[in-house]
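Participant: Attaching a single structure in structure tokens format; questions to follow.
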Amino acid sequence: MSFKLNTAEILGTCSNHVLEIEQGIFVHAEMANSFNNLQQEAKLAGLDICIASGFRNFERQLHIWNAKFNGLRPILDRQQRSIDTSSLSEWEIVQAILTYSALPGTSRHHWGTDIDIYDKNAVPSDYQLQLVPSEYHQGPFNALSNWIIKNSHKFGFYLPYQSNNAGVAPEPWHISYQPLSSMYQDRLKQDPQCLIDCLSQSNIAGKQSILENLEYILTHYVFNISSPNGITL
């Protein structure tokens, strides 16, 4: 790899490391060719893999987080049911959000290495993408999901949220470019203080509970991911 990691890339507070590969869609510059190769291979199987979400900066993730915490966007449980947060404590709301939304500063989308995908060939042009497990298990993107599980490792990709563990709920639409994402993850593990400083200076909702429980959040939601089986570096 011909680049040097920096704190701003890890936290999503800069965009120097990404490039636009579709209109409004940005990914890590060192990942673009591998994704293009994955796309071309998938076309041979009748799949048109498109990116629903690529690079997402800190401010965008913060907007999503605060909207959920303040009741402006729904918080879903693992059965995709909206959660009533009126009787929950601040820490309970934080944990509920973390089931599907990353804490700003820890999102893998900050790195440009992780993307949410769907199959354009499987749905009509006016289809409203939901990014819920049912779309990928029995729904229109079942073929895509099966293909990704079997083939993505050939191009360096894997599914970090494939297992149904105690942290983030399974996300069959989320793939990660392991040669790069593992480097970003390791750097965040080595320097959690940069995250603490960033969050302390932000206007994130639930800040006190987040900072008091940050070690738990990192262990159970950020680093608690599936292993990249089948990928050889």
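How things are named: the first chain in the structure tokens is A, the next is B, and so on; residues count from 1 in each chain; ligands count from 1 in the order shown.
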Write out as a Markdown table a residue-level contact list of segment 24-114 of chain A versus segment 138-146 of chain A with cut-off 9 Å: for each qualifying residue the closest pair of atoms and the distance in Å to one decimal, counting only C-alpha atoms, rows sorted by chain and residue number upward.
Facilitator:
| residue | atom | partner | partner_atom | distance |
| --- | --- | --- | --- | --- |
| A:Ala42 | CA | A:Leu144 | CA | 8.6 |
| A:Leu47 | CA | A:Leu144 | CA | 6.9 |
| A:Asp48 | CA | A:Leu144 | CA | 9.0 |
| A:Ile49 | CA | A:Leu144 | CA | 8.0 |
Participant: Could the residues in this selection be written to a file with all heavy atoms, as a compact mmCIF listing (two decimals), in the first residue's frame?
Facilitator:
# COMPACT_ATOMS: atom_id res chain seq x y z
N ALA A 42 -19.14 -10.18 -11.03
CA ALA A 42 -20.54 -10.39 -10.68
C ALA A 42 -21.46 -10.28 -11.90
O ALA A 42 -22.48 -10.95 -11.97
CB ALA A 42 -20.97 -9.38 -9.61
N LEU A 47 -25.46 -10.22 -12.09
CA LEU A 47 -25.65 -9.26 -11.01
C LEU A 47 -25.06 -7.91 -11.38
O LEU A 47 -23.97 -7.84 -11.94
CB LEU A 47 -24.98 -9.75 -9.72
CG LEU A 47 -25.37 -11.14 -9.23
CD1 LEU A 47 -24.46 -11.58 -8.10
CD2 LEU A 47 -26.83 -11.17 -8.78
N ASP A 48 -25.78 -6.84 -11.07
CA ASP A 48 -25.27 -5.48 -11.27
C ASP A 48 -25.09 -4.85 -9.90
O ASP A 48 -26.00 -4.20 -9.37
CB ASP A 48 -26.24 -4.67 -12.13
CG ASP A 48 -25.70 -3.29 -12.49
OD1 ASP A 48 -24.53 -3.00 -12.12
OD2 ASP A 48 -26.43 -2.50 -13.12
N ILE A 49 -23.91 -5.04 -9.32
CA ILE A 49 -23.66 -4.58 -7.96
C ILE A 49 -23.46 -3.06 -7.95
O ILE A 49 -22.57 -2.53 -8.61
CB ILE A 49 -22.43 -5.27 -7.35
CG1 ILE A 49 -22.69 -6.77 -7.23
CG2 ILE A 49 -22.11 -4.68 -5.98
CD1 ILE A 49 -21.53 -7.56 -6.63
Participant: Taking only segment 50-233 of chain A into account, list the residues labelled strand (DSSP E) by DSSP (computed from the backbone), as a list in words.
Facilitator: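 The residues of segment 50-233 of chain A classed as strand (DSSP E) are Cys50, Ile51, Ala52, Ser53, Asp114, Ile115, Asp116, Ile117, Tyr118, Asp119, Phe157, Tyr158, His174, Ile175, Ser176 and Tyr177 of chain A.
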Participant: Grab the residues selected above and save them as a compact mmCIF listing (two decimals), in the first residue's frame with all heavy atoms.
Facilitator:
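What landed in out_22.txt:
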# COMPACT_ATOMS: atom_id res chain seq x y z
N CYS A 50 -24.28 -2.39 -7.17
CA CYS A 50 -24.18 -0.94 -7.01
C CYS A 50 -23.98 -0.60 -5.53
O CYS A 50 -24.32 -1.39 -4.65
CB CYS A 50 -25.45 -0.25 -7.52
SG CYS A 50 -25.70 -0.42 -9.30
N ILE A 51 -23.44 0.57 -5.30
CA ILE A 51 -23.17 1.01 -3.94
C ILE A 51 -24.28 1.93 -3.46
O ILE A 51 -24.57 2.95 -4.09
CB ILE A 51 -21.82 1.75 -3.86
CG1 ILE A 51 -20.68 0.82 -4.30
CG2 ILE A 51 -21.57 2.27 -2.44
CD1 ILE A 51 -19.32 1.50 -4.35
N ALA A 52 -24.89 1.57 -2.36
CA ALA A 52 -25.92 2.42 -1.75
C ALA A 52 -25.28 3.47 -0.85
O ALA A 52 -25.78 4.59 -0.73
CB ALA A 52 -26.90 1.57 -0.95
N SER A 53 -24.18 3.09 -0.21
CA SER A 53 -23.49 4.01 0.69
C SER A 53 -22.01 3.64 0.73
O SER A 53 -21.67 2.48 0.95
CB SER A 53 -24.09 3.93 2.10
OG SER A 53 -23.45 4.84 2.98
N ASP A 114 -15.37 0.39 3.40
CA ASP A 114 -16.58 -0.38 3.61
C ASP A 114 -17.74 0.25 2.86
O ASP A 114 -17.90 1.48 2.86
CB ASP A 114 -16.90 -0.46 5.10
CG ASP A 114 -15.94 -1.37 5.84
OD1 ASP A 114 -14.72 -1.20 5.69
OD2 ASP A 114 -16.43 -2.24 6.58
N ILE A 115 -18.55 -0.60 2.24
CA ILE A 115 -19.65 -0.11 1.41
C ILE A 115 -20.90 -0.96 1.64
O ILE A 115 -20.81 -2.14 2.01
CB ILE A 115 -19.28 -0.15 -0.09
CG1 ILE A 115 -18.78 -1.54 -0.49
CG2 ILE A 115 -18.23 0.92 -0.42
CD1 ILE A 115 -18.41 -1.68 -1.96
N ASP A 116 -22.05 -0.35 1.43
CA ASP A 116 -23.33 -1.06 1.44
C ASP A 116 -23.74 -1.26 -0.01
O ASP A 116 -23.77 -0.30 -0.79
CB ASP A 116 -24.39 -0.24 2.18
CG ASP A 116 -24.02 0.01 3.64
OD1 ASP A 116 -23.27 -0.81 4.20
OD2 ASP A 116 -24.48 1.02 4.20
N ILE A 117 -24.08 -2.49 -0.37
CA ILE A 117 -24.32 -2.82 -1.78
C ILE A 117 -25.72 -3.41 -2.00
O ILE A 117 -26.36 -3.91 -1.08
CB ILE A 117 -23.27 -3.79 -2.31
CG1 ILE A 117 -23.29 -5.11 -1.51
CG2 ILE A 117 -21.87 -3.16 -2.27
CD1 ILE A 117 -22.43 -6.21 -2.10
N TYR A 118 -26.15 -3.34 -3.26
CA TYR A 118 -27.39 -3.98 -3.67
C TYR A 118 -27.26 -4.36 -5.14
O TYR A 118 -26.31 -3.93 -5.82
CB TYR A 118 -28.59 -3.05 -3.46
CG TYR A 118 -28.61 -1.81 -4.34
CD1 TYR A 118 -29.40 -1.77 -5.49
CD2 TYR A 118 -27.84 -0.70 -4.03
CE1 TYR A 118 -29.42 -0.64 -6.31
CE2 TYR A 118 -27.84 0.43 -4.83
CZ TYR A 118 -28.64 0.45 -5.97
OH TYR A 118 -28.66 1.55 -6.78
N ASP A 119 -28.19 -5.16 -5.64
CA ASP A 119 -28.18 -5.60 -7.03
C ASP A 119 -29.22 -4.81 -7.81
O ASP A 119 -30.42 -5.00 -7.64
CB ASP A 119 -28.48 -7.11 -7.10
CG ASP A 119 -28.57 -7.62 -8.53
OD1 ASP A 119 -28.12 -6.91 -9.45
OD2 ASP A 119 -29.10 -8.74 -8.71
N PHE A 157 -12.57 -8.76 -0.27
CA PHE A 157 -13.71 -8.28 0.51
C PHE A 157 -14.25 -9.38 1.43
O PHE A 157 -14.10 -10.57 1.16
CB PHE A 157 -14.83 -7.80 -0.40
CG PHE A 157 -14.49 -6.56 -1.18
CD1 PHE A 157 -13.88 -6.65 -2.43
CD2 PHE A 157 -14.76 -5.30 -0.68
CE1 PHE A 157 -13.56 -5.50 -3.15
CE2 PHE A 157 -14.45 -4.16 -1.38
CZ PHE A 157 -13.84 -4.26 -2.62
N TYR A 158 -14.91 -8.96 2.49
CA TYR A 158 -15.60 -9.90 3.37
C TYR A 158 -16.75 -9.16 4.07
O TYR A 158 -16.91 -7.94 3.91
CB TYR A 158 -14.64 -10.52 4.39
CG TYR A 158 -14.28 -9.64 5.57
CD1 TYR A 158 -14.74 -9.95 6.85
CD2 TYR A 158 -13.47 -8.52 5.43
CE1 TYR A 158 -14.40 -9.16 7.95
CE2 TYR A 158 -13.12 -7.73 6.51
CZ TYR A 158 -13.59 -8.05 7.77
OH TYR A 158 -13.26 -7.27 8.84
N HIS A 174 -23.34 -5.16 3.82
CA HIS A 174 -22.13 -4.40 4.18
C HIS A 174 -20.89 -5.25 3.92
O HIS A 174 -20.67 -6.27 4.57
CB HIS A 174 -22.21 -4.01 5.66
CG HIS A 174 -21.07 -3.17 6.14
ND1 HIS A 174 -21.24 -2.02 6.87
CD2 HIS A 174 -19.72 -3.31 6.01
CE1 HIS A 174 -20.06 -1.49 7.17
NE2 HIS A 174 -19.11 -2.27 6.65
N ILE A 175 -20.04 -4.82 2.96
CA ILE A 175 -18.80 -5.53 2.70
C ILE A 175 -17.61 -4.60 2.96
O ILE A 175 -17.72 -3.38 2.85
CB ILE A 175 -18.73 -6.11 1.28
CG1 ILE A 175 -18.78 -5.02 0.21
CG2 ILE A 175 -19.85 -7.13 1.07
CD1 ILE A 175 -18.56 -5.54 -1.21
N SER A 176 -16.49 -5.22 3.31
CA SER A 176 -15.31 -4.48 3.71
C SER A 176 -14.09 -4.96 2.92
O SER A 176 -13.93 -6.17 2.69
CB SER A 176 -15.06 -4.69 5.21
OG SER A 176 -13.87 -4.06 5.64
N TYR A 177 -13.24 -4.03 2.52
CA TYR A 177 -12.01 -4.37 1.83
C TYR A 177 -10.93 -4.62 2.87
O TYR A 177 -10.32 -3.69 3.39
CB TYR A 177 -11.61 -3.25 0.87
CG TYR A 177 -10.43 -3.59 -0.01
CD1 TYR A 177 -10.47 -4.71 -0.85
CD2 TYR A 177 -9.29 -2.82 0.00
CE1 TYR A 177 -9.40 -5.04 -1.66
CE2 TYR A 177 -8.21 -3.13 -0.82
CZ TYR A 177 -8.28 -4.25 -1.65
OH TYR A 177 -7.20 -4.57 -2.44
Participant: Could you pull the residues within 12 Å of Arg78 of chain A, counting only C-alpha atoms, minus those fewer than 4 positions along the same chain, as a tab-separated table (two decimals) with N, CA and C atoms, in the first residue's frame?
Facilitator:
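This is the output file part_18.tsv:
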chain	number	residue	atom	x	y	z
A	82	SER	N	-39.61	-0.74	15.33
A	82	SER	CA	-39.24	0.54	15.92
A	82	SER	C	-39.29	0.45	17.45
A	83	ILE	N	-38.27	1.00	18.10
A	83	ILE	CA	-38.16	0.96	19.55
A	83	ILE	C	-38.73	2.24	20.16
A	96	ALA	N	-29.09	0.84	21.99
A	96	ALA	CA	-30.09	0.54	20.97
A	96	ALA	C	-29.65	1.08	19.61
A	97	ILE	N	-29.11	2.28	19.58
A	97	ILE	CA	-28.64	2.86	18.33
A	97	ILE	C	-27.49	2.03	17.75
A	98	LEU	N	-26.59	1.58	18.61
A	98	LEU	CA	-25.40	0.87	18.16
A	98	LEU	C	-25.71	-0.46	17.49
A	99	THR	N	-26.91	-0.97	17.65
A	99	THR	CA	-27.27	-2.23	16.99
A	99	THR	C	-27.15	-2.11	15.48
A	100	TYR	N	-27.47	-0.94	14.92
A	100	TYR	CA	-27.40	-0.76	13.47
A	100	TYR	C	-26.59	0.46	13.03
A	132	VAL	N	-32.41	-3.92	4.89
A	132	VAL	CA	-32.83	-4.75	6.01
A	132	VAL	C	-32.54	-6.20	5.64
A	133	PRO	N	-32.29	-7.07	6.64
A	133	PRO	CA	-31.91	-8.45	6.35
A	133	PRO	C	-32.89	-9.21	5.45
A	134	SER	N	-34.18	-8.94	5.58
A	134	SER	CA	-35.16	-9.68	4.79
A	134	SER	C	-34.98	-9.47	3.29
A	164	ASN	N	-24.40	-13.25	13.88
A	164	ASN	CA	-25.40	-12.67	14.78
A	164	ASN	C	-24.83	-12.73	16.20
A	165	ASN	N	-23.96	-11.75	16.51
A	165	ASN	CA	-23.32	-11.76	17.82
A	165	ASN	C	-23.99	-10.75	18.75
A	166	ALA	N	-23.34	-10.46	19.86
A	166	ALA	CA	-23.94	-9.59	20.86
A	166	ALA	C	-23.79	-8.11	20.52
A	167	GLY	N	-23.06	-7.80	19.46
A	167	GLY	CA	-22.83	-6.41	19.10
A	167	GLY	C	-23.76	-5.94	18.00
A	168	VAL	N	-23.17	-5.54	16.90
A	168	VAL	CA	-23.95	-5.04	15.76
A	168	VAL	C	-24.75	-6.18	15.14
A	169	ALA	N	-25.98	-5.89	14.76
A	169	ALA	CA	-26.82	-6.90	14.11
A	169	ALA	C	-26.25	-7.25	12.74
A	170	PRO	N	-26.55	-8.45	12.21
A	170	PRO	CA	-26.04	-8.85	10.91
A	170	PRO	C	-26.44	-7.86	9.81
A	171	GLU	N	-25.50	-7.55	8.93
A	171	GLU	CA	-25.74	-6.65	7.80
A	171	GLU	C	-25.22	-7.31	6.54
Participant: Kindly assemble as a tab-separated table a list of the segment 62-86 of chain A residues that lie within 10 Å of segment 194-204 of chain A, each paired with its nearest atom pair and their distance in Å to one decimal, using only C-alpha atoms, sorted first by chain and then by ascending residue number.
Facilitator:
residue	atom	partner	partner_atom	distance
A:Leu62	CA	A:Ile204	CA	6.6
A:His63	CA	A:Ile204	CA	8.7
A:Trp65	CA	A:Ile204	CA	7.6
A:Asn66	CA	A:Ile204	CA	6.4
A:Phe69	CA	A:Ile204	CA	9.3
Participant: Would you work out the distance separating atom CA of Ser209 of chain A from atom CA of Ser89 of chain A, expressed in Å to one decimal?
Facilitator: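 Interatomic distance here is 9.6 Å.
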Participant: Contacts of segment 32-38 of chain A at 9 Å or less, counting only C-alpha atoms, minus same-chain residues fewer than 4 places along, as a PDB file with C-alpha atoms, in the first residue's frame?
Facilitator:
ATOM      1  CA  LEU A  19     -12.300   9.266  -4.742  1.00  0.00           C
ATOM      2  CA  ILE A  21     -16.428   6.244  -8.486  1.00  0.00           C
ATOM      3  CA  VAL A  27     -14.527   4.968  -1.757  1.00  0.00           C
ATOM      4  CA  HIS A  28     -10.908   4.629  -0.718  1.00  0.00           C
ATOM      5  CA  ALA A  42     -20.542 -10.388 -10.676  1.00  0.00           C
ATOM      6  CA  LYS A  43     -21.897  -9.285 -14.055  1.00  0.00           C
ATOM      7  CA  ILE A  49     -23.663  -4.576  -7.961  1.00  0.00           C
ATOM      8  CA  ASN A 151     -16.948 -14.942  -4.104  1.00  0.00           C
ATOM      9  CA  SER A 152     -16.141 -11.629  -2.406  1.00  0.00           C
ATOM     10  CA  LYS A 154     -11.394 -13.436  -4.199  1.00  0.00           C
ATOM     11  CA  PHE A 155     -11.184  -9.652  -4.437  1.00  0.00           C
ATOM     12  CA  GLY A 156     -10.193  -8.950  -0.825  1.00  0.00           C
ATOM     13  CA  PHE A 157     -13.708  -8.283   0.510  1.00  0.00           C
ATOM     14  CA  TYR A 177     -12.009  -4.369   1.828  1.00  0.00           C
TER      15      TYR A 177
END
Participant: Would you compute the distance between atom CA of His17 of chain A and atom CA of Gln40 of chain A? Give it in Å to one decimal.
Facilitator: 23.7 Å
Participant: Would you pick out the contacts of segment 7-13 of chain A at 12 Å or less, using only C-alpha atoms, so that residues sharing its chain but fewer than 5 positions from it are not included, and give the list as an NGL selection string?
Facilitator: :A and (18 or 28 or 55-62 or 102-113 or 180-199 or 202)
Participant: Identify, with DSSP run on backbone atoms, the residues in segment 23-204 of chain A assigned to helix (DSSP H, G or I), and express the list as a ChimeraX atom specification.
Facilitator: /A:32-43,58-69,90-98,108-111,120-122,133-137,142-155,178-190,192-200
Participant: Please, what distance in Å, to one decimal, runs between atom CA of Ile210 of chain A and atom CA of Leu72 of chain A?
Facilitator: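 Atom-to-atom, atom CA of Ile210 of chain A to atom CA of Leu72 of chain A, that is 19.5 Å.
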Participant: If we count only C-alpha atoms and set the cut-off at 12 Å, which residues sit around Tyr216 of chain A, ignoring sequence neighbours fewer than 3 positions away in its own chain? Please answer as a list in words.
Facilitator: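 Residues near the query, excluding close chain neighbours: Trp91, Val94, Gln95, Leu98, Ala166, Gly167, Ser209, Ile210, Leu211, Glu212, Asn213, Thr219, His220, Tyr221, Val222, Phe223 and Asn224 of chain A.
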Participant: Please, could you write that set of residues out with C-alpha atoms as a PDB file, in the first residue's frame?
Facilitator:
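The resulting file, selection06.pdb, is reproduced below:
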ATOM      1  CA  TRP A  91     -27.129   4.467  28.070  1.00  0.00           C
ATOM      2  CA  VAL A  94     -26.962   4.497  23.079  1.00  0.00           C
ATOM      3  CA  GLN A  95     -26.896   0.691  23.012  1.00  0.00           C
ATOM      4  CA  LEU A  98     -25.397   0.867  18.165  1.00  0.00           C
ATOM      5  CA  ALA A 166     -23.942  -9.587  20.861  1.00  0.00           C
ATOM      6  CA  GLY A 167     -22.829  -6.415  19.096  1.00  0.00           C
ATOM      7  CA  SER A 209     -22.877   7.878  28.670  1.00  0.00           C
ATOM      8  CA  ILE A 210     -20.748   7.313  25.587  1.00  0.00           C
ATOM      9  CA  LEU A 211     -17.523   8.477  27.195  1.00  0.00           C
ATOM     10  CA  GLU A 212     -18.238   6.622  30.446  1.00  0.00           C
ATOM     11  CA  ASN A 213     -18.786   3.376  28.528  1.00  0.00           C
ATOM     12  CA  THR A 219     -15.124  -4.061  22.648  1.00  0.00           C
ATOM     13  CA  HIS A 220     -18.723  -5.072  21.967  1.00  0.00           C
ATOM     14  CA  TYR A 221     -19.712  -2.962  18.949  1.00  0.00           C
ATOM     15  CA  VAL A 222     -16.625  -1.710  17.097  1.00  0.00           C
ATOM     16  CA  PHE A 223     -14.125  -4.571  17.274  1.00  0.00           C
ATOM     17  CA  ASN A 224     -16.627  -7.398  17.732  1.00  0.00           C
TER      18      ASN A 224
END
Participant: Would you please work out which residue, of A:Pro160, A:Pro179, A:Gly54, A:Pro74, is nearest to Glu20 of chain A when using only C-alpha atoms?
Facilitator: A:Gly54
